[in-house]
>>> print(open('final-v7.csv').read())   # CSV, C-alpha atoms and all ligand atoms
chain,number,residue,atom,x,y,z
A,241,MET,CA,22.5,-6.8,1.4
A,242,LYS,CA,20.0,-8.9,-0.5
A,243,LEU,CA,16.3,-7.9,-0.4
A,244,LEU,CA,13.3,-10.2,-1.0
A,245,ILE,CA,10.3,-8.0,-1.8
A,246,THR,CA,6.8,-9.5,-1.8
A,247,GLY,CA,4.2,-7.7,-3.8
A,248,GLY,CA,6.9,-5.9,-5.8
A,249,ALA,CA,4.8,-5.7,-8.9
A,250,GLY,CA,2.2,-3.7,-7.0
A,251,PHE,CA,1.8,0.0,-6.6
A,252,ILE,CA,4.0,0.7,-3.6
A,253,GLY,CA,6.1,-2.4,-3.9
A,254,SER,CA,7.2,-1.5,-7.4
A,255,GLU,CA,8.3,2.0,-6.3
A,256,PHE,CA,10.3,0.4,-3.5
A,257,THR,CA,11.8,-2.1,-6.0
A,258,ARG,CA,12.8,0.7,-8.5
A,259,GLN,CA,14.4,2.6,-5.6
A,260,ALA,CA,16.1,-0.6,-4.4
A,261,VAL,CA,17.8,-1.1,-7.8
A,262,LYS,CA,18.8,2.6,-7.8
A,263,ASN,CA,20.3,2.1,-4.3
A,264,LEU,CA,22.2,-0.9,-5.7
A,265,PHE,CA,20.6,-3.6,-3.5
A,266,GLU,CA,20.5,-7.1,-4.8
A,267,THR,CA,16.8,-7.5,-5.4
A,268,VAL,CA,14.4,-10.5,-5.6
A,269,VAL,CA,10.7,-9.9,-6.2
A,270,VAL,CA,8.0,-12.4,-5.4
A,271,ASP,CA,4.5,-11.6,-6.7
A,272,LYS,CA,1.4,-13.6,-7.6
A,273,LEU,CA,0.4,-11.0,-10.3
A,274,THR,CA,-3.2,-10.7,-9.2
A,275,TYR,CA,-5.4,-8.2,-11.0
A,276,ALA,CA,-3.4,-5.5,-9.0
A,277,GLY,CA,0.1,-6.8,-9.9
A,278,ASP,CA,1.7,-5.8,-13.2
A,279,LEU,CA,5.3,-6.3,-14.4
A,280,GLU,CA,5.1,-3.2,-16.6
A,281,ARG,CA,5.7,-1.3,-13.4
A,282,LEU,CA,9.1,-3.0,-13.2
A,283,LYS,CA,10.1,-2.7,-16.8
A,284,GLU,CA,12.8,-0.1,-16.3
A,285,VAL,CA,14.6,-2.4,-13.8
A,286,GLU,CA,13.6,-5.9,-15.2
A,287,ASP,CA,17.2,-6.9,-16.1
A,288,LYS,CA,18.5,-5.9,-12.7
A,289,ILE,CA,16.1,-7.9,-10.5
A,290,LYS,CA,15.2,-11.6,-10.1
A,291,PHE,CA,11.4,-12.2,-10.4
A,292,TYR,CA,9.4,-15.2,-9.2
A,293,LYS,CA,5.7,-15.4,-9.9
A,294,THR,CA,4.2,-17.1,-6.9
A,295,ASP,CA,1.5,-16.9,-4.3
A,296,ILE,CA,2.9,-16.3,-0.8
A,297,ASN,CA,0.6,-19.2,0.2
A,298,ASN,CA,2.7,-21.6,-1.8
A,299,GLN,CA,4.9,-22.7,1.0
A,300,GLU,CA,6.9,-25.2,-1.0
A,301,PHE,CA,7.9,-22.8,-3.8
A,302,LEU,CA,8.7,-20.1,-1.3
A,303,ASP,CA,10.9,-22.5,0.6
A,304,TYR,CA,12.8,-23.2,-2.7
A,305,ILE,CA,13.2,-19.5,-3.4
A,306,PHE,CA,14.5,-18.8,0.1
A,307,GLN,CA,16.9,-21.7,-0.1
A,308,LYS,CA,18.2,-20.6,-3.5
A,309,GLU,CA,18.3,-16.8,-3.1
A,310,LYS,CA,19.3,-16.6,0.6
A,311,PRO,CA,17.9,-13.1,1.2
A,312,ASP,CA,19.0,-11.0,4.1
A,313,VAL,CA,15.9,-8.9,4.4
A,314,VAL,CA,12.3,-9.6,3.6
A,315,VAL,CA,10.1,-6.6,2.8
A,316,HIS,CA,6.5,-7.7,2.8
A,317,PHE,CA,4.2,-5.6,0.7
A,318,ALA,CA,2.1,-8.4,-0.9
A,319,ALA,CA,-1.6,-8.1,0.1
A,320,GLU,CA,-5.1,-7.7,-1.1
A,321,SER,CA,-5.2,-4.0,-0.7
A,322,HIS,CA,-8.6,-2.6,-1.6
A,323,VAL,CA,-11.2,-1.9,1.2
A,324,ASP,CA,-14.2,-2.0,-1.2
A,325,ARG,CA,-13.2,-5.4,-2.6
A,326,SER,CA,-12.9,-6.7,1.0
A,327,ILE,CA,-16.5,-5.7,1.6
A,328,LEU,CA,-17.7,-7.5,-1.5
A,329,ASP,CA,-15.7,-10.7,-0.6
A,330,PRO,CA,-13.5,-10.9,2.5
A,331,SER,CA,-12.2,-14.5,2.0
A,332,ILE,CA,-9.2,-13.8,-0.2
A,333,PHE,CA,-8.2,-11.1,2.2
A,334,ILE,CA,-7.9,-13.6,5.0
A,335,GLU,CA,-6.2,-16.1,2.7
A,336,THR,CA,-3.5,-13.7,1.5
A,337,ASN,CA,-3.1,-11.1,4.2
A,338,VAL,CA,-3.4,-13.4,7.2
A,339,LYS,CA,-2.5,-16.9,6.1
A,340,GLY,CA,0.1,-15.8,3.5
A,341,THR,CA,1.8,-13.6,6.1
A,342,GLN,CA,2.0,-16.5,8.5
A,343,ILE,CA,3.6,-18.7,5.9
A,344,LEU,CA,6.1,-16.0,5.0
A,345,LEU,CA,7.0,-15.5,8.6
A,346,ASP,CA,7.5,-19.2,9.1
A,347,ILE,CA,9.9,-19.5,6.2
A,348,SER,CA,11.7,-16.3,7.3
A,349,LYS,CA,12.2,-18.0,10.7
A,350,LYS,CA,13.4,-21.2,9.1
A,351,TYR,CA,16.0,-19.4,7.1
A,352,ASN,CA,17.1,-17.0,9.9
A,353,ILE,CA,16.3,-13.9,8.0
A,354,LYS,CA,18.2,-10.9,9.4
A,355,LEU,CA,15.2,-8.5,9.2
A,356,PHE,CA,11.5,-8.8,8.3
A,357,ILE,CA,9.8,-5.5,7.4
A,358,ASN,CA,6.0,-6.0,7.8
A,359,ILE,CA,4.1,-3.4,5.9
A,360,ALA,CA,0.9,-2.7,7.8
A,361,THR,CA,-1.4,0.4,7.4
A,362,ASP,CA,-2.8,3.3,9.4
A,363,GLU,CA,-6.2,1.6,9.0
A,364,VAL,CA,-5.4,-1.0,11.7
A,365,TYR,CA,-6.1,1.7,14.4
A,366,GLY,CA,-9.7,2.2,13.4
A,367,GLU,CA,-11.2,5.6,13.0
A,368,LEU,CA,-10.8,9.1,14.5
A,369,GLY,CA,-13.2,11.9,14.9
A,370,GLU,CA,-12.4,15.5,14.1
A,371,ASN,CA,-9.5,15.6,16.6
A,372,GLY,CA,-6.7,13.4,17.8
A,373,GLN,CA,-3.9,11.2,16.3
A,374,PHE,CA,-2.9,7.6,16.2
A,375,TYR,CA,0.3,6.8,18.1
A,376,GLU,CA,2.3,3.5,17.7
A,377,ASP,CA,0.8,2.3,21.0
A,378,THR,CA,-2.8,3.3,20.2
A,379,PRO,CA,-5.0,0.1,20.5
A,380,LEU,CA,-5.9,-1.5,17.2
A,381,ILE,CA,-9.7,-1.4,16.5
A,382,PRO,CA,-10.0,-2.0,12.8
A,383,ASN,CA,-13.4,-1.8,11.1
A,384,SER,CA,-13.3,-3.3,7.6
A,385,PRO,CA,-12.5,-6.8,6.5
A,386,TYR,CA,-9.4,-5.3,4.9
A,387,SER,CA,-8.2,-3.5,7.9
A,388,VAL,CA,-8.9,-6.5,10.2
A,389,SER,CA,-6.9,-8.8,7.9
A,390,LYS,CA,-4.0,-6.2,8.0
A,391,ALA,CA,-4.2,-5.9,11.7
A,392,SER,CA,-4.0,-9.7,12.0
A,393,ALA,CA,-0.9,-9.7,9.8
A,394,ASP,CA,0.6,-6.8,11.8
A,395,MET,CA,0.0,-8.6,15.1
A,396,LEU,CA,1.3,-11.9,13.7
A,397,GLY,CA,4.6,-10.2,12.8
A,398,ARG,CA,4.9,-8.8,16.3
A,399,ALA,CA,4.0,-12.3,17.8
A,400,TYR,CA,6.9,-13.8,15.7
A,401,TYR,CA,9.3,-11.3,17.2
A,402,ARG,CA,8.1,-11.8,20.7
A,403,THR,CA,7.6,-15.5,20.6
A,404,TYR,CA,10.4,-16.7,18.3
A,405,GLY,CA,12.8,-13.7,18.3
A,406,LEU,CA,12.3,-13.2,14.5
A,407,PRO,CA,13.7,-9.7,13.8
A,408,VAL,CA,10.5,-8.0,12.7
A,409,ILE,CA,9.8,-4.3,12.3
A,410,THR,CA,6.2,-3.1,11.7
A,411,VAL,CA,5.6,-0.2,9.4
A,412,ARG,CA,2.2,1.6,9.3
A,413,PRO,CA,2.0,4.0,6.4
A,414,SER,CA,-1.0,6.3,5.7
A,415,ASN,CA,-2.8,6.5,2.3
A,416,ASN,CA,-0.4,6.4,-0.6
A,417,TYR,CA,-0.9,8.0,-4.0
A,418,GLY,CA,1.4,8.6,-7.0
A,419,TYR,CA,2.6,6.9,-10.2
A,420,TRP,CA,1.3,3.5,-11.2
A,421,GLN,CA,-1.6,3.2,-8.7
A,422,TYR,CA,-4.3,0.8,-9.9
A,423,PRO,CA,-7.3,2.9,-11.0
A,424,GLU,CA,-9.7,1.5,-8.4
A,425,LYS,CA,-8.4,3.8,-5.7
A,426,LEU,CA,-9.8,7.3,-5.2
A,427,ILE,CA,-7.1,9.5,-6.9
A,428,PRO,CA,-6.7,7.6,-10.1
A,429,VAL,CA,-10.5,7.0,-10.4
A,430,VAL,CA,-11.1,10.8,-10.2
A,431,ILE,CA,-8.3,11.6,-12.7
A,432,ILE,CA,-9.7,9.0,-15.2
A,433,LYS,CA,-13.4,9.9,-14.9
A,434,ALA,CA,-12.6,13.6,-15.1
A,435,LEU,CA,-10.4,13.1,-18.2
A,436,ASN,CA,-13.4,11.3,-19.9
A,437,ASN,CA,-15.9,13.9,-18.7
A,438,GLN,CA,-17.7,11.2,-16.8
A,439,PRO,CA,-19.5,11.5,-13.4
A,440,ILE,CA,-17.0,11.2,-10.5
A,441,PRO,CA,-18.3,8.9,-7.8
A,442,VAL,CA,-17.7,10.4,-4.3
A,443,TYR,CA,-18.9,8.4,-1.2
A,444,GLY,CA,-21.4,10.1,1.1
A,445,LYS,CA,-20.7,13.8,1.1
A,446,GLY,CA,-17.0,13.5,0.5
A,447,GLU,CA,-16.2,14.6,4.1
A,448,ASN,CA,-13.9,11.7,5.1
A,449,ILE,CA,-10.4,12.7,5.8
A,450,ARG,CA,-7.2,10.8,4.8
A,451,GLU,CA,-3.5,11.6,5.3
A,452,TRP,CA,-2.0,11.6,1.8
A,453,LEU,CA,1.6,10.2,1.5
A,454,PHE,CA,3.4,10.4,-1.9
A,455,VAL,CA,4.6,6.9,-2.8
A,456,SER,CA,8.3,7.8,-3.2
A,457,ASP,CA,8.3,9.3,0.3
A,458,CYS,CA,6.8,6.0,1.6
A,459,ALA,CA,9.4,3.9,-0.1
A,460,GLN,CA,12.2,6.1,1.2
A,461,ALA,CA,10.8,5.8,4.7
A,462,VAL,CA,11.0,2.0,4.4
A,463,PHE,CA,14.7,2.2,3.3
A,464,GLU,CA,15.5,4.5,6.3
A,465,ILE,CA,13.7,2.0,8.6
A,466,ILE,CA,15.8,-0.9,7.2
A,467,GLN,CA,18.9,1.0,7.9
A,468,LYS,CA,18.1,2.7,11.2
A,469,GLY,CA,15.0,1.0,12.6
A,470,LYS,CA,15.0,-0.9,15.9
A,471,VAL,CA,13.9,-4.6,15.7
A,472,GLY,CA,10.6,-5.3,17.4
A,473,GLU,CA,9.5,-1.7,17.0
A,474,ILE,CA,6.5,-0.1,15.1
A,475,TYR,CA,6.9,3.0,13.0
A,476,ASN,CA,4.0,5.2,11.7
A,477,VAL,CA,4.8,6.7,8.3
A,478,GLY,CA,2.6,9.7,7.5
A,479,SER,CA,2.9,13.0,5.7
A,480,GLY,CA,0.8,15.3,7.9
A,481,GLN,CA,-1.1,16.2,4.7
A,482,GLU,CA,-4.7,15.6,5.7
A,483,ARG,CA,-7.4,16.3,3.1
A,484,ARG,CA,-11.1,15.7,2.9
A,485,ASN,CA,-12.0,13.5,-0.1
A,486,ILE,CA,-14.0,16.3,-1.6
A,487,GLU,CA,-10.9,18.6,-1.4
A,488,VAL,CA,-8.8,15.9,-3.2
A,489,VAL,CA,-11.4,15.7,-5.9
A,490,LYS,CA,-11.6,19.4,-6.4
A,491,SER,CA,-7.9,19.9,-6.5
A,492,ILE,CA,-7.7,17.3,-9.4
A,493,LEU,CA,-10.5,19.0,-11.2
A,494,ASP,CA,-8.7,22.3,-10.8
A,495,ILE,CA,-5.5,20.9,-12.3
A,496,LEU,CA,-7.4,19.4,-15.2
A,497,ASN,CA,-9.6,22.5,-15.6
A,498,LYS,CA,-12.8,20.4,-15.4
A,499,PRO,CA,-16.1,21.6,-13.8
A,500,TYR,CA,-17.1,20.6,-10.3
A,501,ASP,CA,-20.5,19.5,-11.6
A,502,LEU,CA,-18.9,16.2,-12.6
A,503,ILE,CA,-18.9,15.3,-8.9
A,504,THR,CA,-21.7,12.8,-8.1
A,505,PHE,CA,-22.3,11.8,-4.6
A,506,VAL,CA,-23.0,8.1,-4.2
A,507,LYS,CA,-24.2,5.8,-1.4
A,508,ASP,CA,-21.5,5.8,1.3
A,509,ARG,CA,-19.2,2.8,1.7
A,510,PRO,CA,-20.6,0.6,4.5
A,511,GLY,CA,-18.7,1.2,7.8
A,512,HIS,CA,-16.7,4.0,6.2
A,513,ASP,CA,-14.0,5.2,8.6
A,514,TYR,CA,-14.3,9.0,9.1
A,515,ARG,CA,-10.6,10.0,9.6
A,516,TYR,CA,-7.1,8.7,10.0
A,517,SER,CA,-4.2,10.7,11.2
A,518,LEU,CA,-0.8,9.4,12.2
A,519,ASN,CA,1.5,10.9,14.8
A,520,THR,CA,5.0,10.6,13.3
A,521,GLU,CA,7.2,12.0,16.1
A,522,LYS,CA,8.8,8.6,16.6
A,523,ILE,CA,10.1,8.1,13.0
A,524,GLN,CA,11.3,11.7,13.0
A,525,ARG,CA,13.1,11.4,16.3
A,526,GLU,CA,14.5,7.9,16.0
A,527,ILE,CA,15.1,7.5,12.2
A,528,GLY,CA,15.4,11.2,11.1
A,529,TRP,CA,12.8,10.7,8.4
A,530,LYS,CA,10.1,13.2,7.3
A,531,ALA,CA,8.0,13.3,4.2
A,532,LYS,CA,9.3,15.7,1.6
A,533,ILE,CA,6.5,16.1,-0.9
A,534,THR,CA,3.5,18.3,-0.1
A,535,PHE,CA,0.0,17.2,-1.3
A,536,GLU,CA,0.0,20.1,-3.9
A,537,GLU,CA,3.3,18.9,-5.4
A,538,GLY,CA,2.4,15.3,-5.3
A,539,ILE,CA,-1.1,15.6,-6.8
A,540,GLU,CA,0.3,17.7,-9.7
A,541,LYS,CA,3.0,15.1,-10.4
A,542,THR,CA,0.4,12.3,-10.2
A,543,VAL,CA,-2.0,13.9,-12.6
A,544,LYS,CA,0.8,14.5,-15.1
A,545,TRP,CA,1.9,10.9,-14.8
A,546,TYR,CA,-1.5,9.6,-15.7
A,547,LEU,CA,-1.8,12.0,-18.6
A,548,ASN,CA,1.5,10.6,-19.9
A,549,ASN,CA,0.6,7.0,-19.4
A,550,LEU,CA,-2.9,6.8,-20.9
A,551,GLU,CA,-2.2,3.6,-22.7
A,552,TRP,CA,-1.6,1.7,-19.5
A,553,VAL,CA,-4.5,3.4,-17.8
A,554,ASN,CA,-6.9,2.5,-20.6
A,555,LYS,CA,-6.0,-1.1,-20.4
A,556,LYS,CA,-6.8,-1.1,-16.7
A,557,ILE,CA,-10.1,0.7,-17.2
A,558,LYS,CA,-11.4,-2.1,-19.5
A,559,GLN,CA,-10.8,-4.5,-16.6
A,560,LEU,CA,-12.7,-2.3,-14.2
A,561,GLU,CA,-16.0,-1.5,-15.9
A,562,GLU,CA,-17.9,-4.5,-14.3
A,563,TYR,CA,-16.4,-3.9,-10.9
A,564,TRP,CA,-17.3,-0.2,-10.9
A,565,LYS,CA,-21.0,-1.2,-11.5
A,566,LYS,CA,-20.8,-3.3,-8.3
A,567,VAL,CA,-19.3,-0.7,-5.9
A,568,TYR,CA,-20.7,2.7,-6.9
A,569,GLN,CA,-24.5,2.7,-6.6
A,601,LIG,P1,-1.4,-3.3,-4.6
A,601,LIG,O1,-2.7,-3.9,-4.5
A,601,LIG,O2,-1.1,-2.3,-5.6
A,601,LIG,O3,-0.3,-4.4,-4.8
A,601,LIG,C1,-0.3,-5.6,-4.1
A,601,LIG,C2,0.6,-6.6,-4.8
A,601,LIG,O4,0.6,-7.8,-4.1
A,601,LIG,C3,0.2,-6.9,-6.2
A,601,LIG,O5,1.4,-6.9,-7.1
A,601,LIG,C4,-0.3,-8.3,-6.1
A,601,LIG,O6,-0.1,-9.1,-7.3
A,601,LIG,C5,0.5,-8.9,-5.0
A,601,LIG,N1,-0.2,-10.0,-4.3
A,601,LIG,C6,-1.5,-10.0,-3.9
A,601,LIG,N2,-1.8,-11.2,-3.4
A,601,LIG,C7,-0.6,-12.0,-3.4
A,601,LIG,C8,-0.3,-13.3,-3.0
A,601,LIG,N3,-1.2,-14.1,-2.4
A,601,LIG,N4,1.0,-13.7,-3.2
A,601,LIG,C9,1.9,-12.9,-3.8
A,601,LIG,N5,1.6,-11.7,-4.2
A,601,LIG,C10,0.4,-11.2,-4.0
A,601,LIG,O7,-1.1,-2.7,-3.1
A,601,LIG,P2,-0.3,-1.4,-2.6
A,601,LIG,O8,-1.2,-0.3,-2.7
A,601,LIG,O9,1.0,-1.3,-3.4
A,601,LIG,O10,0.0,-1.8,-1.1
A,601,LIG,C11,1.2,-2.5,-0.8
A,601,LIG,C12,1.1,-2.8,0.7
A,601,LIG,O11,1.1,-1.6,1.4
A,601,LIG,C13,-0.1,-3.6,1.2
A,601,LIG,O12,0.4,-4.5,2.2
A,601,LIG,C14,-1.0,-2.6,1.7
A,601,LIG,O13,-1.9,-3.2,2.7
A,601,LIG,C15,-0.1,-1.6,2.3
A,601,LIG,N6,-0.6,-0.2,2.4
A,601,LIG,C16,-1.1,0.4,1.3
A,601,LIG,C17,-1.5,1.7,1.3
A,601,LIG,C18,-2.0,2.4,0.1
A,601,LIG,O14,-2.5,3.6,0.3
A,601,LIG,N7,-2.0,1.9,-1.1
A,601,LIG,C19,-1.4,2.4,2.6
A,601,LIG,C20,-0.9,1.8,3.7
A,601,LIG,C21,-0.5,0.4,3.6
>>> encode(input="final-v7.csv", output="structure tokens")
Amino acid sequence: MKLLITGGAGFIGSEFTRQAVKNLFETVVVDKLTYAGDLERLKEVEDKIKFYKTDINNQEFLDYIFQKEKPDVVVHFAAESHVDRSILDPSIFIETNVKGTQILLDISKKYNIKLFINIATDEVYGELGENGQFYEDTPLIPNSPYSVSKASADMLGRAYYRTYGLPVITVRPSNNYGYWQYPEKLIPVVIIKALNNQPIPVYGKGENIREWLFVSDCAQAVFEIIQKGKVGEIYNVGSGQERRNIEVVKSILDILNKPYDLITFVKDRPGHDYRYSLNTEKIQREIGWKAKITFEEGIEKTVKWYLNNLEWVNKKIKQLEEYWKKVYQ
């Protein structure tokens, strides 16, 4: 089976690509290499994959790739993925996440792809209060430009299944963390600031709750879905490991033996969703998948990874200084 992975040079896509090579799939990666993409993540498998640098909006080049490579399965990770950036400028989110997904779906239809895995997110559902969970049939009420663009892509995928019979499966994972995450997201930001004894920006009072899924668990879930998932269906992929942001920050400070007074509360993110929580009975029942890694194990592994990869991290921090000034006030 030949896989075509979009966004394979990104955080989750690269974990999925490394696992694909280990699982002996023929693997083609397509990535624009935006600020968030980096081929260093694929170094250990570079001689075992085929890589094309392209925007998924480049219809002509994508057509050429599909014609040449004849993939069986498309796994679509490519996206603008950071909520804060979508608040600063939504336009590229619509361009890549909505228009780019439509172009990819069209080409997949033209070449009769056997399976299209559409990677969505738990954020498409909107927000929860203290109680309750999102089920696969919960209405989508997304709140940020990012989550709206992802909900559009999610719904486009289902429309291509329903309207044209394209074999699409929709996957909605919760917040991922782990190795190689670009240091604009909460966990790597905290690790890096703490290591440098700098103030750690925490939105509002740090009370927001996310469900933390270790990236290797997420990638494994996608493989299981490719093998056992039912076309036309939606699968939530969560870990059940809910934590308040402030708890996440404190657990990192504890591992690094740094004081809590580094925590600095900053003006809350506009429209900040309070809580996400996925019900995962469907994937457990139909696919037999369950997350293996607890938050405590995962966060320890993640902190260690960043400590062992400071050279890569420091390169990224240089790119981020200006951006940090814009988002954390
Ligand atoms: P990421 O930002 O680390 O990687 C995105 C990748 O897509 C990058 O390599 C980038 O170069 C590439 N890309 C961006 N625009 C492109 C374009 N126009 N054409 C081709 N390639 C392009 O993102 P991630 O955190 O790895 O997320 C991967 C997917 O999973 C996204 O669809 C995201 O919405 C979804 N998701 C992420 C999380 C999370 O917590 N990170 C949770 C749920 C769902």
>>> residues_around(input="final-v7.csv", residues="range 263-266 of chain A", least_positions_apart="2", cutoff="8 Å", atoms="only C-alpha atoms", output="list in words")
Met241, Lys242, Leu243, Gln259, Ala260, Val261, Val268 and Ile289 of chain A
>>> closest_atom_pairs(input="final-v7.csv", of="range 289-392 of chain A", to="range 406-427 of chain A", cutoff="7 Å", atoms="all atoms listed in the file", output="CSV")
residue,atom,partner,partner_atom,distance
A:Lys349,CA,A:Leu406,CA,6.1
A:Lys354,CA,A:Pro407,CA,6.4
A:Leu355,CA,A:Pro407,CA,5.0
A:Phe356,CA,A:Val408,CA,4.6
A:Ile357,CA,A:Ile409,CA,5.0
A:Asn358,CA,A:Thr410,CA,4.9
A:Ile359,CA,A:Val411,CA,5.0
A:Ala360,CA,A:Arg412,CA,4.7
A:Thr361,CA,A:Arg412,CA,4.2
A:Asp362,CA,A:Ser414,CA,5.1
>>> residues_near_ligand(input="final-v7.csv", ligand="ligand LIG 601 (chain A)", cutoff="8 Å", atoms="only C-alpha atoms and all ligand atoms", output="VMD selection string")
chain A and resid 246 to 254 270 to 278 293 to 297 316 to 322 335 to 337 340 359 to 363 390 412 to 417 421 to 422 453
>>> write_last_selection(input="final-v7.csv", atoms="C-alpha atoms", output="compact mmCIF listing (two decimals), keeping the file's coordinate frame")
# COMPACT_ATOMS: atom_id res chain seq x y z
CA THR A 246 6.80 -9.50 -1.80
CA GLY A 247 4.20 -7.70 -3.80
CA GLY A 248 6.90 -5.90 -5.80
CA ALA A 249 4.80 -5.70 -8.90
CA GLY A 250 2.20 -3.70 -7.00
CA PHE A 251 1.80 0.00 -6.60
CA ILE A 252 4.00 0.70 -3.60
CA GLY A 253 6.10 -2.40 -3.90
CA SER A 254 7.20 -1.50 -7.40
CA VAL A 270 8.00 -12.40 -5.40
CA ASP A 271 4.50 -11.60 -6.70
CA LYS A 272 1.40 -13.60 -7.60
CA LEU A 273 0.40 -11.00 -10.30
CA THR A 274 -3.20 -10.70 -9.20
CA TYR A 275 -5.40 -8.20 -11.00
CA ALA A 276 -3.40 -5.50 -9.00
CA GLY A 277 0.10 -6.80 -9.90
CA ASP A 278 1.70 -5.80 -13.20
CA LYS A 293 5.70 -15.40 -9.90
CA THR A 294 4.20 -17.10 -6.90
CA ASP A 295 1.50 -16.90 -4.30
CA ILE A 296 2.90 -16.30 -0.80
CA ASN A 297 0.60 -19.20 0.20
CA HIS A 316 6.50 -7.70 2.80
CA PHE A 317 4.20 -5.60 0.70
CA ALA A 318 2.10 -8.40 -0.90
CA ALA A 319 -1.60 -8.10 0.10
CA GLU A 320 -5.10 -7.70 -1.10
CA SER A 321 -5.20 -4.00 -0.70
CA HIS A 322 -8.60 -2.60 -1.60
CA GLU A 335 -6.20 -16.10 2.70
CA THR A 336 -3.50 -13.70 1.50
CA ASN A 337 -3.10 -11.10 4.20
CA GLY A 340 0.10 -15.80 3.50
CA ILE A 359 4.10 -3.40 5.90
CA ALA A 360 0.90 -2.70 7.80
CA THR A 361 -1.40 0.40 7.40
CA ASP A 362 -2.80 3.30 9.40
CA GLU A 363 -6.20 1.60 9.00
CA LYS A 390 -4.00 -6.20 8.00
CA ARG A 412 2.20 1.60 9.30
CA PRO A 413 2.00 4.00 6.40
CA SER A 414 -1.00 6.30 5.70
CA ASN A 415 -2.80 6.50 2.30
CA ASN A 416 -0.40 6.40 -0.60
CA TYR A 417 -0.90 8.00 -4.00
CA GLN A 421 -1.60 3.20 -8.70
CA TYR A 422 -4.30 0.80 -9.90
CA LEU A 453 1.60 10.20 1.50
>>> closest_residue(input="final-v7.csv", among="A:Phe333, A:Ile432, A:Pro382, A:Lys308", to="Lys555 in chain A", atoms="all atoms listed in the file")
A:Ile432
>>> closest_residue(input="final-v7.csv", among="A:Ser326, A:Gln460, A:Ser392, A:Gln307", to="Ile353 in chain A", atoms="all atoms listed in the file")
A:Gln307
>>> atom_distance(input="final-v7.csv", atom1="CA of Leu368 in chain A", atom2="CA of Asn448 in chain A")
10.2 Å
>>> residues_around(input="final-v7.csv", residues="Pro330 in chain A", least_positions_apart="4", cutoff="8 Å", atoms="all atoms listed in the file", output="MDAnalysis selection string")
chainID A and resid 325:326 334 385:386
>>> residues_around(input="final-v7.csv", residues="Ser479 in chain A", least_positions_apart="3", cutoff="10 Å", atoms="all atoms listed in the file", output="number ranges by chain")
A: 413-416, 451-454, 457-458, 476, 482, 517-520, 530-535
>>> atom_distance(input="final-v7.csv", atom1="CA of Ile305 in chain A", atom2="CA of Leu244 in chain A")
9.6 Å
>>> residues_near_point(input="final-v7.csv", point="(-3.0, 12.4, -18.6)", cutoff="9 Å", atoms="all atoms listed in the file", output="PyMOL selection string")
chain A and resi 431-432+435+496+543-550
>>> closest_residue(input="final-v7.csv", among="A:Ser348, A:Ser456, A:Thr504, A:Ser384", to="Gly405 in chain A", atoms="only C-alpha atoms")
A:Ser348
>>> closest_residue(input="final-v7.csv", among="A:Ala393, A:Val323, A:Val489, A:Val313", to="Lys339 in chain A", atoms="all atoms listed in the file")
A:Ala393
>>> closest_residue(input="final-v7.csv", among="A:His512, A:Leu345, A:Pro441, A:Ile523", to="Lys565 in chain A", atoms="only C-alpha atoms")
A:Pro441
>>> residues_around(input="final-v7.csv", residues="Val506 in chain A", least_positions_apart="5", cutoff="10 Å", atoms="all atoms listed in the file", output="compact mmCIF listing (two decimals) with C-alpha atoms, in the frame of the given file")
# COMPACT_ATOMS: atom_id res chain seq x y z
CA ILE A 440 -17.00 11.20 -10.50
CA PRO A 441 -18.30 8.90 -7.80
CA VAL A 442 -17.70 10.40 -4.30
CA TYR A 443 -18.90 8.40 -1.20
CA GLY A 444 -21.40 10.10 1.10
CA LYS A 445 -20.70 13.80 1.10
CA GLY A 446 -17.00 13.50 0.50
CA VAL A 567 -19.30 -0.70 -5.90
CA TYR A 568 -20.70 2.70 -6.90
CA GLN A 569 -24.50 2.70 -6.60
>>> closest_residue(input="final-v7.csv", among="A:Ser491, A:Pro439, A:Ala434, A:Val269", to="Val315 in chain A", atoms="all atoms listed in the file")
A:Val269
>>> residues_around(input="final-v7.csv", residues="Val364 in chain A", least_positions_apart="5", cutoff="8 Å", atoms="only C-alpha atoms", output="ChimeraX atom specification")
/A:380-382,387-388,390-391
>>> atom_distance(input="final-v7.csv", atom1="CA of Leu302 in chain A", atom2="CA of Thr257 in chain A")
18.9 Å
>>> decode(input="final-v7.csv", residues="range 345-351 of chain A", atoms="N, CA and C atoms", output="JSON list (two decimals), in the first residue's frame")
[["chain", "number", "residue", "atom", "x", "y", "z"],
["A", 345, "LEU", "N", -8.88, 17.08, -2.35],
["A", 345, "LEU", "CA", -10.02, 16.16, -2.48],
["A", 345, "LEU", "C", -10.36, 15.95, -3.96],
["A", 346, "ASP", "N", -10.32, 17.04, -4.73],
["A", 346, "ASP", "CA", -10.63, 16.94, -6.16],
["A", 346, "ASP", "C", -9.65, 16.02, -6.88],
["A", 347, "ILE", "N", -8.37, 16.19, -6.57],
["A", 347, "ILE", "CA", -7.36, 15.36, -7.24],
["A", 347, "ILE", "C", -7.49, 13.90, -6.78],
["A", 348, "SER", "N", -7.81, 13.72, -5.51],
["A", 348, "SER", "CA", -7.99, 12.36, -5.00],
["A", 348, "SER", "C", -9.17, 11.68, -5.70],
["A", 349, "LYS", "N", -10.18, 12.47, -6.00],
["A", 349, "LYS", "CA", -11.35, 11.95, -6.72],
["A", 349, "LYS", "C", -10.95, 11.59, -8.15],
["A", 350, "LYS", "N", -10.20, 12.50, -8.79],
["A", 350, "LYS", "CA", -9.80, 12.27, -10.18],
["A", 350, "LYS", "C", -8.99, 10.97, -10.31],
["A", 351, "TYR", "N", -8.13, 10.70, -9.33],
["A", 351, "TYR", "CA", -7.26, 9.51, -9.42],
["A", 351, "TYR", "C", -7.81, 8.30, -8.65]]
